[in-house]
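As stored in run.tsv (TSV, C-alpha atoms and all ligand atoms):
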chain	number	residue	atom	x	y	z
A	1	MET	CA	147.52	54.40	73.84
A	2	GLY	CA	151.21	54.91	74.62
A	3	ARG	CA	153.58	52.30	76.03
A	4	ASP	CA	154.02	54.14	79.33
A	5	GLU	CA	150.29	54.08	79.98
A	6	VAL	CA	150.10	50.40	79.02
A	7	ALA	CA	152.99	49.56	81.37
A	8	SER	CA	151.51	51.56	84.22
A	9	LEU	CA	148.00	50.05	83.85
A	10	LEU	CA	149.58	46.57	84.01
A	11	GLN	CA	150.64	47.44	87.59
A	12	ALA	CA	147.11	48.37	88.74
A	13	ARG	CA	146.03	47.00	92.12
A	14	GLY	CA	143.12	47.38	94.56
A	15	PRO	CA	140.64	50.13	93.57
A	16	ASP	CA	142.76	50.97	90.51
A	17	LEU	CA	142.41	47.39	89.30
A	18	ALA	CA	138.63	47.45	89.75
A	19	ALA	CA	138.56	50.75	87.82
A	20	LEU	CA	140.67	49.22	85.03
A	21	TYR	CA	138.26	46.29	84.65
A	22	ALA	CA	135.24	48.62	84.60
A	23	ARG	CA	136.88	50.85	81.98
A	24	ALA	CA	137.75	47.87	79.77
A	25	ASP	CA	134.22	46.48	80.05
A	26	GLU	CA	132.79	49.88	79.09
A	27	ALA	CA	135.16	50.18	76.10
A	28	ARG	CA	134.08	46.71	74.96
A	29	ARG	CA	130.41	47.67	75.30
A	30	ILE	CA	130.81	50.94	73.36
A	31	CYS	CA	133.00	49.53	70.56
A	32	CYS	CA	131.61	45.98	70.17
A	33	GLY	CA	128.21	46.03	71.87
A	34	ASP	CA	126.84	43.43	74.27
A	35	GLY	CA	126.31	40.74	71.62
A	36	VAL	CA	128.91	37.97	71.74
A	37	PRO	CA	130.02	36.58	68.37
A	38	VAL	CA	130.34	32.80	68.72
A	39	ARG	CA	133.11	31.16	66.69
A	40	ALA	CA	133.09	27.37	66.77
A	41	ILE	CA	136.48	25.68	66.73
A	42	ILE	CA	137.21	22.36	65.04
A	43	GLU	CA	140.62	20.86	65.85
A	44	PHE	CA	140.93	18.85	62.66
A	45	SER	CA	144.41	17.35	63.09
A	46	ASN	CA	146.96	17.03	65.92
A	47	MET	CA	149.86	16.19	63.62
A	48	CYS	CA	152.62	18.77	63.73
A	49	SER	CA	156.11	19.10	62.28
A	50	ASN	CA	157.17	21.83	64.72
A	51	ASP	CA	158.70	21.52	68.15
A	52	CYS	CA	157.48	24.61	70.02
A	53	LEU	CA	158.81	24.10	73.55
A	54	TYR	CA	155.49	24.73	75.34
A	55	CYS	CA	153.05	22.69	73.27
A	56	GLY	CA	151.77	19.15	73.81
A	57	LEU	CA	151.40	18.56	70.05
A	58	ARG	CA	155.13	19.20	69.39
A	59	ALA	CA	156.64	16.65	67.01
A	60	SER	CA	159.01	15.20	69.64
A	61	ASN	CA	156.16	14.45	72.05
A	62	ALA	CA	154.91	10.84	72.03
A	63	VAL	CA	151.21	11.71	71.71
A	64	PRO	CA	149.18	8.48	72.18
A	65	ARG	CA	147.40	8.92	68.83
A	66	ARG	CA	148.09	11.29	65.96
A	67	TYR	CA	144.91	11.89	63.96
A	68	ARG	CA	143.56	13.81	61.04
A	69	MET	CA	139.82	14.07	60.55
A	70	THR	CA	138.77	13.15	57.02
A	71	PRO	CA	137.28	15.89	54.83
A	72	GLU	CA	133.90	14.18	55.27
A	73	GLU	CA	134.21	14.29	59.07
A	74	ILE	CA	135.18	17.95	58.92
A	75	LEU	CA	132.24	18.79	56.63
A	76	GLN	CA	129.90	16.95	59.01
A	77	ALA	CA	131.23	18.97	61.95
A	78	VAL	CA	130.75	22.19	59.95
A	79	ALA	CA	127.22	21.11	59.03
A	80	ARG	CA	126.39	20.69	62.73
A	81	VAL	CA	127.67	24.21	63.41
A	82	ALA	CA	125.61	25.64	60.54
A	83	ALA	CA	122.46	23.79	61.67
A	84	ALA	CA	122.77	25.01	65.27
A	85	GLY	CA	122.57	28.65	64.10
A	86	VAL	CA	124.59	29.82	67.11
A	87	ALA	CA	128.01	30.43	65.55
A	88	GLY	CA	128.56	32.59	62.47
A	89	THR	CA	132.12	31.33	62.00
A	90	VAL	CA	133.91	28.00	61.93
A	91	VAL	CA	137.53	28.04	63.02
A	92	LEU	CA	139.62	25.20	61.59
A	93	GLN	CA	142.72	24.68	63.71
A	94	ALA	CA	145.52	22.09	63.52
A	95	GLY	CA	149.24	21.58	63.96
A	96	GLU	CA	151.50	22.46	61.05
A	97	THR	CA	152.04	20.06	58.12
A	98	PRO	CA	152.12	17.08	57.51
A	99	GLY	CA	148.57	16.41	58.87
A	100	TYR	CA	146.98	18.12	55.88
A	101	ARG	CA	148.93	19.24	52.84
A	102	ASP	CA	148.40	22.80	51.61
A	103	GLU	CA	146.50	21.70	48.45
A	104	GLU	CA	144.25	19.47	50.53
A	105	ILE	CA	143.37	22.46	52.71
A	106	THR	CA	142.63	24.51	49.57
A	107	ALA	CA	140.21	21.81	48.40
A	108	LEU	CA	138.60	21.62	51.82
A	109	LEU	CA	138.09	25.39	51.92
A	110	ARG	CA	136.43	25.31	48.50
A	111	GLN	CA	134.03	22.61	49.66
A	112	ILE	CA	133.08	24.42	52.87
A	113	ARG	CA	132.70	27.74	51.01
A	114	GLY	CA	130.46	26.10	48.40
A	115	LYS	CA	128.23	24.27	50.87
A	116	PHE	CA	128.00	26.88	53.64
A	117	PRO	CA	128.07	30.35	52.05
A	118	ALA	CA	126.63	32.00	55.18
A	119	LEU	CA	129.46	30.87	57.47
A	120	ALA	CA	132.74	32.73	57.80
A	121	ILE	CA	135.78	30.45	57.62
A	122	THR	CA	138.78	31.01	59.86
A	123	LEU	CA	141.94	28.94	59.46
A	124	SER	CA	144.77	28.48	61.97
A	125	VAL	CA	147.58	26.18	60.84
A	126	GLY	CA	150.74	28.22	61.37
A	127	ASN	CA	153.40	29.81	59.15
A	128	ARG	CA	153.03	29.38	55.38
A	129	PRO	CA	154.45	31.03	52.26
A	130	ARG	CA	152.47	34.01	51.02
A	131	GLU	CA	151.37	32.12	47.85
A	132	VAL	CA	149.71	29.50	50.00
A	133	TYR	CA	147.80	32.09	52.01
A	134	ALA	CA	146.78	33.70	48.70
A	135	ALA	CA	145.46	30.39	47.34
A	136	TRP	CA	143.50	29.79	50.54
A	137	ARG	CA	142.05	33.31	50.41
A	138	GLU	CA	140.98	32.66	46.83
A	139	ALA	CA	139.39	29.34	47.90
A	140	GLY	CA	137.19	31.05	50.48
A	141	MET	CA	139.19	31.62	53.66
A	142	ASP	CA	137.94	34.78	55.39
A	143	ARG	CA	140.18	34.96	58.44
A	144	TYR	CA	143.44	33.57	59.81
A	145	LEU	CA	144.69	33.17	63.38
A	146	LEU	CA	148.43	33.21	63.98
A	147	ARG	CA	149.72	34.35	67.35
A	148	PHE	CA	153.17	35.93	67.44
A	149	GLU	CA	153.39	34.38	70.98
A	150	THR	CA	155.90	36.94	72.31
A	151	ALA	CA	157.25	40.27	71.03
A	152	ASP	CA	160.71	39.47	72.44
A	153	ALA	CA	162.74	38.10	69.50
A	154	ASP	CA	165.29	36.30	71.72
A	155	LEU	CA	162.59	34.69	73.81
A	156	PHE	CA	160.72	33.70	70.62
A	157	ALA	CA	163.90	32.02	69.33
A	158	ARG	CA	164.35	30.09	72.59
A	159	LEU	CA	160.75	28.82	72.46
A	160	HIS	CA	160.66	27.98	68.75
A	161	PRO	CA	163.39	25.77	67.23
A	162	ASP	CA	161.60	26.03	63.87
A	163	GLY	CA	161.37	29.74	63.18
A	164	SER	CA	162.04	33.35	64.11
A	165	LEU	CA	159.83	36.19	65.26
A	166	ALA	CA	160.72	38.00	62.01
A	167	ASP	CA	159.30	35.07	59.96
A	168	ARG	CA	156.13	35.02	62.05
A	169	LEU	CA	155.59	38.77	61.69
A	170	GLN	CA	156.17	38.51	57.92
A	171	CYS	CA	153.38	35.90	57.74
A	172	LEU	CA	151.06	38.29	59.60
A	173	ARG	CA	151.93	41.15	57.23
A	174	ASP	CA	151.35	38.88	54.21
A	175	LEU	CA	147.92	37.93	55.51
A	176	GLN	CA	146.94	41.55	56.10
A	177	GLU	CA	148.17	42.60	52.65
A	178	LEU	CA	146.14	39.80	51.06
A	179	GLY	CA	143.00	41.23	52.64
A	180	VAL	CA	142.51	38.34	55.06
A	181	GLN	CA	140.99	39.35	58.40
A	182	THR	CA	144.00	38.68	60.56
A	183	GLY	CA	144.30	37.62	64.18
A	184	GLY	CA	147.54	37.91	66.14
A	185	GLY	CA	148.15	37.50	69.83
A	186	PHE	CA	150.37	36.00	72.49
A	187	MET	CA	150.62	33.81	75.55
A	188	ILE	CA	150.57	35.52	78.95
A	189	GLY	CA	153.39	34.52	81.29
A	190	VAL	CA	155.73	32.32	79.25
A	191	PRO	CA	158.84	31.53	81.32
A	192	GLY	CA	161.39	34.31	80.81
A	193	GLU	CA	158.94	37.11	80.12
A	194	THR	CA	158.52	40.17	82.31
A	195	VAL	CA	155.75	42.76	82.62
A	196	GLU	CA	157.83	44.82	80.18
A	197	THR	CA	157.48	42.00	77.62
A	198	LEU	CA	153.75	41.94	78.26
A	199	ALA	CA	153.55	45.69	77.58
A	200	ASP	CA	155.52	45.15	74.35
A	201	ASN	CA	153.14	42.35	73.34
A	202	ILE	CA	150.16	44.67	73.73
A	203	MET	CA	151.95	47.48	71.85
A	204	LEU	CA	152.77	45.09	68.99
A	205	CYS	CA	149.08	44.17	68.68
A	206	GLN	CA	148.26	47.86	68.52
A	207	ALA	CA	150.92	48.50	65.85
A	208	PHE	CA	149.50	45.71	63.65
A	209	ASP	CA	145.94	46.90	64.23
A	210	PHE	CA	144.75	43.27	64.12
A	211	ASP	CA	141.10	42.42	63.41
A	212	MET	CA	141.23	39.71	66.08
A	213	ILE	CA	143.59	39.27	69.04
A	214	GLY	CA	143.83	35.95	70.85
A	215	ILE	CA	145.69	35.86	74.14
A	216	GLY	CA	145.70	33.33	76.98
A	217	PRO	CA	147.77	32.26	79.97
A	218	PHE	CA	150.74	29.95	79.36
A	219	ILE	CA	149.95	26.61	81.00
A	220	PRO	CA	152.92	24.31	81.73
A	221	ASN	CA	152.52	20.96	79.99
A	222	PRO	CA	154.40	18.15	81.79
A	223	ASP	CA	155.02	16.36	78.48
A	224	THR	CA	157.12	19.26	77.18
A	225	PRO	CA	160.53	20.78	77.98
A	226	LEU	CA	158.70	23.59	79.83
A	227	GLY	CA	156.72	21.13	81.96
A	228	ALA	CA	158.44	22.12	85.20
A	229	ALA	CA	158.40	25.86	84.50
A	230	ALA	CA	155.77	28.00	86.21
A	231	ASN	CA	153.69	30.70	84.57
A	232	ALA	CA	155.59	33.97	85.08
A	233	TYR	CA	152.52	35.34	86.93
A	234	ALA	CA	151.65	32.20	88.92
A	235	ALA	CA	151.84	34.26	92.12
A	236	ASP	CA	149.71	37.06	90.65
A	237	PRO	CA	147.01	35.59	88.39
A	238	ASP	CA	145.26	38.98	88.26
A	239	MET	CA	147.87	39.68	85.57
A	240	PHE	CA	145.94	37.41	83.16
A	241	PHE	CA	142.99	39.78	83.44
A	242	ARG	CA	145.02	43.00	83.56
A	243	ALA	CA	146.41	41.82	80.22
A	244	ILE	CA	143.00	41.38	78.63
A	245	ALA	CA	141.68	44.68	80.04
A	246	VAL	CA	144.67	46.72	78.86
A	247	LEU	CA	144.60	44.91	75.51
A	248	ARG	CA	140.99	46.08	75.05
A	249	LEU	CA	141.85	49.69	75.92
A	250	ALA	CA	144.80	49.67	73.50
A	251	ASN	CA	142.74	47.96	70.75
A	252	PRO	CA	139.17	49.13	71.33
A	253	ALA	CA	137.63	47.77	68.12
A	254	ALA	CA	139.37	44.38	67.90
A	255	HIS	CA	137.58	41.07	68.31
A	256	ILE	CA	139.10	39.62	71.48
A	257	PRO	CA	138.03	36.08	72.43
A	258	ALA	CA	137.80	34.75	75.98
A	259	THR	CA	140.11	31.84	75.18
A	260	THR	CA	139.93	28.34	76.64
A	261	ALA	CA	143.25	28.77	78.48
A	262	PHE	CA	141.55	31.30	80.79
A	263	ASP	CA	139.28	28.53	82.07
A	264	ALA	CA	142.23	26.17	82.47
A	265	ALA	CA	144.24	28.76	84.41
A	266	PHE	CA	141.55	30.30	86.61
A	267	PRO	CA	138.08	29.28	87.89
A	268	ASN	CA	135.44	30.71	85.52
A	269	GLY	CA	138.29	32.43	83.75
A	270	ARG	CA	136.46	32.78	80.43
A	271	ASP	CA	133.43	34.40	82.08
A	272	LEU	CA	135.69	36.88	83.86
A	273	ALA	CA	137.55	37.61	80.62
A	274	LEU	CA	134.21	38.42	78.94
A	275	GLN	CA	133.52	40.93	81.73
A	276	ARG	CA	136.97	42.51	81.58
A	277	GLY	CA	137.47	43.29	77.90
A	278	ALA	CA	136.87	40.17	75.80
A	279	ASN	CA	133.86	40.06	73.44
A	280	VAL	CA	134.07	36.73	71.54
A	281	PHE	CA	133.38	33.16	72.68
A	282	MET	CA	134.93	30.14	70.94
A	283	PRO	CA	133.25	26.87	71.91
A	284	ASN	CA	135.07	23.68	71.01
A	285	VAL	CA	133.01	21.52	68.64
A	286	THR	CA	135.69	18.96	67.83
A	287	PRO	CA	134.21	15.43	67.93
A	288	GLY	CA	134.91	13.84	71.34
A	289	ALA	CA	137.11	11.04	69.98
A	290	CYS	CA	139.61	13.57	68.60
A	291	ARG	CA	139.30	16.15	71.33
A	292	LYS	CA	141.13	14.11	73.96
A	293	ASP	CA	144.12	13.84	71.61
A	294	TYR	CA	144.36	17.58	71.01
A	295	GLN	CA	146.10	18.50	74.24
A	296	LEU	CA	148.10	21.68	73.80
A	297	TYR	CA	148.23	21.83	77.59
A	298	PRO	CA	146.77	19.74	80.43
A	299	LYS	CA	143.41	20.28	82.14
A	300	LYS	CA	142.01	21.70	78.95
A	301	PRO	CA	138.28	21.98	79.72
A	302	CYS	CA	135.70	19.85	77.98
A	303	VAL	CA	137.98	17.03	76.81
A	304	ASP	CA	135.43	14.51	78.05
A	305	GLY	CA	132.53	16.03	76.20
A	306	ASP	CA	131.58	16.25	72.58
A	307	ALA	CA	130.08	18.99	70.44
A	308	ASP	CA	126.73	18.82	72.26
A	309	ALA	CA	128.14	18.85	75.76
A	310	GLU	CA	128.04	21.84	78.08
A	311	ASP	CA	131.15	23.40	76.63
A	312	GLY	CA	130.30	22.66	73.02
A	313	LEU	CA	127.53	24.58	71.27
A	314	GLY	CA	124.92	23.22	73.70
A	315	GLY	CA	126.16	25.15	76.70
A	316	VAL	CA	126.95	28.45	75.02
A	317	ARG	CA	123.55	30.07	75.23
A	318	LYS	CA	123.21	29.19	78.91
A	319	ARG	CA	126.69	30.38	79.73
A	320	LEU	CA	126.22	33.73	78.00
A	321	GLN	CA	122.72	34.17	79.44
A	322	ALA	CA	124.19	33.88	82.93
A	323	LEU	CA	126.39	36.86	82.04
A	324	GLY	CA	123.44	38.81	80.64
A	325	ARG	CA	124.99	38.81	77.17
A	326	PRO	CA	123.07	37.78	74.05
A	327	ILE	CA	124.62	35.87	71.17
A	328	ALA	CA	125.58	38.42	68.50
A	329	GLY	CA	123.12	38.50	65.64
A	330	GLY	CA	120.68	36.26	67.49
A	331	PRO	CA	119.63	32.73	66.57
A	332	GLY	CA	119.26	31.97	62.89
A	333	HIS	CA	121.01	35.18	61.89
A	334	SER	CA	122.75	34.53	58.59
A	335	LEU	CA	125.43	37.22	58.61
A	336	LYS	CA	128.99	35.96	59.03
A	337	ARG	CA	130.14	37.02	62.44
B	401	LIG	N1	149.65	25.05	65.06
B	401	LIG	C1	148.95	26.29	65.05
B	401	LIG	C2	147.64	26.25	65.80
B	401	LIG	C3	147.57	25.38	67.01
B	401	LIG	S1	148.44	25.97	68.45
B	401	LIG	C4	149.83	27.39	65.60
B	401	LIG	O1	150.81	27.09	66.28
B	401	LIG	O2	149.53	28.54	65.30
B	401	LIG	C5	147.41	27.32	68.93
B	401	LIG	C6	147.93	28.14	70.10
B	401	LIG	O3	147.96	27.36	71.29
B	401	LIG	C7	149.35	28.64	69.97
B	401	LIG	O4	149.37	29.83	69.22
B	401	LIG	C8	149.76	28.87	71.43
B	401	LIG	O5	149.66	30.24	71.79
B	401	LIG	C9	148.73	28.05	72.23
B	401	LIG	N2	149.39	27.09	73.14
B	401	LIG	C10	150.13	26.02	72.82
B	401	LIG	N3	150.64	25.44	73.93
B	401	LIG	C11	150.20	26.16	74.99
B	401	LIG	C12	150.40	26.08	76.42
B	401	LIG	N4	151.17	25.14	76.97
B	401	LIG	N5	149.77	27.00	77.20
B	401	LIG	C13	148.99	27.94	76.65
B	401	LIG	N6	148.79	28.08	75.32
B	401	LIG	C14	149.39	27.21	74.49
B	402	LIG	FE1	152.66	22.70	66.44
B	402	LIG	FE2	151.19	24.94	66.86
B	402	LIG	FE3	151.90	23.31	68.91
B	402	LIG	FE4	153.79	24.76	67.71
B	402	LIG	S1	152.02	25.56	68.89
B	402	LIG	S2	153.96	22.58	68.26
B	402	LIG	S3	153.06	24.75	65.57
B	402	LIG	S4	150.54	22.81	67.20
For the file at hand, write its structure as structure tokens.
Amino acid sequence: MGRDEVASLLQARGPDLAALYARADEARRICCGDGVPVRAIIEFSNMCSNDCLYCGLRASNAVPRRYRMTPEEILQAVARVAAAGVAGTVVLQAGETPGYRDEEITALLRQIRGKFPALAITLSVGNRPREVYAAWREAGMDRYLLRFETADADLFARLHPDGSLADRLQCLRDLQELGVQTGGGFMIGVPGETVETLADNIMLCQAFDFDMIGIGPFIPNPDTPLGAAANAYAADPDMFFRAIAVLRLANPAAHIPATTAFDAAFPNGRDLALQRGANVFMPNVTPGACRKDYQLYPKKPCVDGDADAEDGLGGVRKRLQALGRPIAGGPGHSLKR
């Protein structure tokens, strides 16, 4: 799909918008099927050395409690995921060092790989040297999530005191070259972006041909320098869904999750995302005691619950049933998905 078409679809309104959503849903059905892969996310540390301007975990923010789950706690959480038979993948996400050192993550990956051979392991802990990604791959990491956040290099630099867009894209190329299933993506509506930027974000995903693409609305966090800034599309929240629909059409075969930020930004936002292009669901299975301290942005759903609550694994089947969508692979299916 060319950039002009992407840019023009991002302006769709009225009947054209309804047609865009229907087309994206059809493309999702043809390329991915109706089954929804469930990927359970464990937020294993909120420590972070970076200072990304939008994020509640940024090093300069006085978070009430900085935590790191012990390897035993992480293995227990993974064991619960494996036993539930709903998710084929565990996603381990955290801030950047120093919560866990690179060698500690390598050891953790080896343990999970050894104990749970049927689960796919996804990691998401930011920029690292290629050798580190290689060691993690060798230790059993299957996938990696690293959003490029915005395709505008100047805007990236303003948002990230700790790195450049070029560095971030190099990390993504390294991961792809190492044979890791790689997920990129971006935030929708960071202050300073335009619809042109959004079109460029979608085109960059297409150019990388990512296996997974995670996108979600920017949500102002009052404890950050961008706390008073509004989402660029606050007056036109349909743009969140235009983005996911056009992303699907431009990347028909990619795994596109209905990310948590959609729920935080719009009522039933994740359900709508799943009907407008997204195909993956990522329930949060972080133990309740840690979950309330992992606040990337405010009003993050399910902070009061734990892994068994509605928005943890317990509610997934019900939520997907209401949409008429089965869990991919079905219960007890052992294939990594
Ligand atoms: N430290 C890792 C993983 C945790 S952050 C990393 O940065 O890659 C995961 C994602 O949360 C980021 O990629 C960013 O897109 C998103 N995020 C952070 N703050 C946000 C906010 N205020 N609104 C919406 N998304 C946010
Ligand atoms: Fe740290 Fe990731 Fe938040 Fe940036 S987005 S401050 S790297 S947790």
Distance criterion (only C-alpha atoms and all ligand atoms): nearest to ligand LIG 402 (chain B) out of A:Ser124, A:Thr70, A:Thr259, A:Thr194: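 Looking at the shortest contact to ligand LIG 402 (chain B), the residue is A:Ser124.
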Name the residues in contact with region 210-224 of chain A at a cut-off of 7 Å, using all atoms listed in the file, excluding same-chain residues fewer than 3 positions from it; report them as a VMD selection string. chain A and resid 53 to 56 61 181 to 190 205 227 to 231 240 254 to 257 259 261 to 262 265 297 to 298
Would you write out those residues with C-alpha atoms, as a short mmCIF file (atom, residue, chain, number, x, y, z; two decimals), in the coordinates of the input?
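Output below, filename result00.cif:
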data_model
loop_
_atom_site.label_atom_id
_atom_site.label_comp_id
_atom_site.auth_asym_id
_atom_site.auth_seq_id
_atom_site.Cartn_x
_atom_site.Cartn_y
_atom_site.Cartn_z
CA LEU A 53 158.81 24.10 73.55
CA TYR A 54 155.49 24.73 75.34
CA CYS A 55 153.05 22.69 73.27
CA GLY A 56 151.77 19.15 73.81
CA ASN A 61 156.16 14.45 72.05
CA GLN A 181 140.99 39.35 58.40
CA THR A 182 144.00 38.68 60.56
CA GLY A 183 144.30 37.62 64.18
CA GLY A 184 147.54 37.91 66.14
CA GLY A 185 148.15 37.50 69.83
CA PHE A 186 150.37 36.00 72.49
CA MET A 187 150.62 33.81 75.55
CA ILE A 188 150.57 35.52 78.95
CA GLY A 189 153.39 34.52 81.29
CA VAL A 190 155.73 32.32 79.25
CA CYS A 205 149.08 44.17 68.68
CA GLY A 227 156.72 21.13 81.96
CA ALA A 228 158.44 22.12 85.20
CA ALA A 229 158.40 25.86 84.50
CA ALA A 230 155.77 28.00 86.21
CA ASN A 231 153.69 30.70 84.57
CA PHE A 240 145.94 37.41 83.16
CA ALA A 254 139.37 44.38 67.90
CA HIS A 255 137.58 41.07 68.31
CA ILE A 256 139.10 39.62 71.48
CA PRO A 257 138.03 36.08 72.43
CA THR A 259 140.11 31.84 75.18
CA ALA A 261 143.25 28.77 78.48
CA PHE A 262 141.55 31.30 80.79
CA ALA A 265 144.24 28.76 84.41
CA TYR A 297 148.23 21.83 77.59
CA PRO A 298 146.77 19.74 80.43
#
What does the structure give for the distance between CA of Ala245 (chain A) and CA of Gln176 (chain A), in Å to one decimal?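 Value for the CA of Ala245 (chain A)-CA of Gln176 (chain A) distance: 24.7 Å.
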Could the residues that lie within 8 Å of ligand LIG 402 (chain B), counting all atoms listed in the file, be listed as a list in words?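 Within the 8 Å cut-off, the matching residues are Asn46, Met47, Cys48, Ser49, Asn50, Asp51, Cys52, Leu53, Tyr54, Cys55, Gly56, Leu57, Arg58, Ala59, Ala94, Gly95, Glu96, Val125, Gly126, His160 and Leu296 of chain A.
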Hey, can you pull every residue with an atom no more than 12 Å from (132.7, 28.6, 49.6), using all atoms listed in the file, and send it as a PyMOL selection string? chain A and resi 106-121+136-142
Residue selection dump (C-alpha atoms) as a PDB file, in the frame of the given file:
ATOM      1  CA  THR A 106     142.630  24.510  49.570  1.00  0.00           C
ATOM      2  CA  ALA A 107     140.210  21.810  48.400  1.00  0.00           C
ATOM      3  CA  LEU A 108     138.600  21.620  51.820  1.00  0.00           C
ATOM      4  CA  LEU A 109     138.090  25.390  51.920  1.00  0.00           C
ATOM      5  CA  ARG A 110     136.430  25.310  48.500  1.00  0.00           C
ATOM      6  CA  GLN A 111     134.030  22.610  49.660  1.00  0.00           C
ATOM      7  CA  ILE A 112     133.080  24.420  52.870  1.00  0.00           C
ATOM      8  CA  ARG A 113     132.700  27.740  51.010  1.00  0.00           C
ATOM      9  CA  GLY A 114     130.460  26.100  48.400  1.00  0.00           C
ATOM     10  CA  LYS A 115     128.230  24.270  50.870  1.00  0.00           C
ATOM     11  CA  PHE A 116     128.000  26.880  53.640  1.00  0.00           C
ATOM     12  CA  PRO A 117     128.070  30.350  52.050  1.00  0.00           C
ATOM     13  CA  ALA A 118     126.630  32.000  55.180  1.00  0.00           C
ATOM     14  CA  LEU A 119     129.460  30.870  57.470  1.00  0.00           C
ATOM     15  CA  ALA A 120     132.740  32.730  57.800  1.00  0.00           C
ATOM     16  CA  ILE A 121     135.780  30.450  57.620  1.00  0.00           C
ATOM     17  CA  TRP A 136     143.500  29.790  50.540  1.00  0.00           C
ATOM     18  CA  ARG A 137     142.050  33.310  50.410  1.00  0.00           C
ATOM     19  CA  GLU A 138     140.980  32.660  46.830  1.00  0.00           C
ATOM     20  CA  ALA A 139     139.390  29.340  47.900  1.00  0.00           C
ATOM     21  CA  GLY A 140     137.190  31.050  50.480  1.00  0.00           C
ATOM     22  CA  MET A 141     139.190  31.620  53.660  1.00  0.00           C
ATOM     23  CA  ASP A 142     137.940  34.780  55.390  1.00  0.00           C
TER      24      ASP A 142
END
What does the structure give for the distance between CA of Tyr21 (chain A) and CA of Leu323 (chain A), in Å to one decimal?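 Between CA of Tyr21 (chain A) and CA of Leu323 (chain A) the gap is 15.4 Å.
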Nearest to Val316 (chain A), chosen from A:Val36, A:Leu175, A:Ala19, A:Leu169, with all atoms listed in the file counted in the distances: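 Of the candidates, the smallest distance to Val316 (chain A) is held by A:Val36.
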Between CA of Arg80 (chain A) and CA of Ala253 (chain A), what is the distance, to one decimal in Å? 29.8 Å
Using all atoms listed in the file, determine which residues lie at most 8 Å from region 148-154 of chain A, disregarding the query and same-chain residues fewer than 2 positions distant; provide the list as a list in words.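 Using all atoms listed in the file, the neighbours found are Leu146, Phe156, Ala157, Arg158, Ser164, Leu165, Ala166, Arg168, Leu169, Gly184, Gly185, Phe186, Met187, Thr197, Asp200, Asn201 and Leu204 of chain A.
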The selected residues should be written to file as a CSV table (one decimal), in the frame of the given file (atoms: C-alpha atoms).
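Okay, this is what ended up in part-v4.csv:
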chain,number,residue,atom,x,y,z
A,146,LEU,CA,148.4,33.2,64.0
A,156,PHE,CA,160.7,33.7,70.6
A,157,ALA,CA,163.9,32.0,69.3
A,158,ARG,CA,164.4,30.1,72.6
A,164,SER,CA,162.0,33.4,64.1
A,165,LEU,CA,159.8,36.2,65.3
A,166,ALA,CA,160.7,38.0,62.0
A,168,ARG,CA,156.1,35.0,62.0
A,169,LEU,CA,155.6,38.8,61.7
A,184,GLY,CA,147.5,37.9,66.1
A,185,GLY,CA,148.2,37.5,69.8
A,186,PHE,CA,150.4,36.0,72.5
A,187,MET,CA,150.6,33.8,75.6
A,197,THR,CA,157.5,42.0,77.6
A,200,ASP,CA,155.5,45.2,74.4
A,201,ASN,CA,153.1,42.4,73.3
A,204,LEU,CA,152.8,45.1,69.0
Give as a VMD selection string each residue that has an atom at most 10 Å from (131.3, 24.2, 60.5) in the file, counting only C-alpha atoms. chain A and resid 39 to 42 74 to 84 87 to 92 112 116 119 to 121 285
Shortest interatomic distance to ligand LIG 401 (chain B) - which of A:Ala243, A:Arg143, A:Ala135, A:Ser45, counting all atoms listed in the file: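 Closest candidate: A:Ser45.
With all atoms listed in the file as the basis for measurement, A:Asp263 is the residue among A:Asp16, A:Asp236, A:Asp209, A:Asp263 that approaches ligand LIG 401 (chain B) most closely.
Counting all atoms listed in the file and comparing A:Val38, A:Met203, A:Leu178, A:Val63, the residue that lies closest to Arg319 (chain A) is A:Val38.
Residue nearest ligand LIG 401 (chain B) within the list A:Ile202, A:Leu145, A:Val246, A:Leu20: A:Leu145 [criterion: smallest interatomic distance, all atoms listed in the file].
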Long-range neighbours of region 4-7 of chain A as a list in words, 7 Å cut-off, only C-alpha atoms, 4 positions minimum in chain: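 Everything that qualifies: Gln11, Glu196, Ala199 and Val246 of chain A.
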Give, as lines of an AutoDock Vina configuration file, the centre coordinates and the x, y and z edge lengths in Å to one decimal for an axis-aligned box around all listed atoms of region 278-295 of chain A, padded by 4 Å on each side.
center_x = 139.6
center_y = 25.6
center_z = 71.8
size_x = 21.1
size_y = 37.1
size_z = 16.0
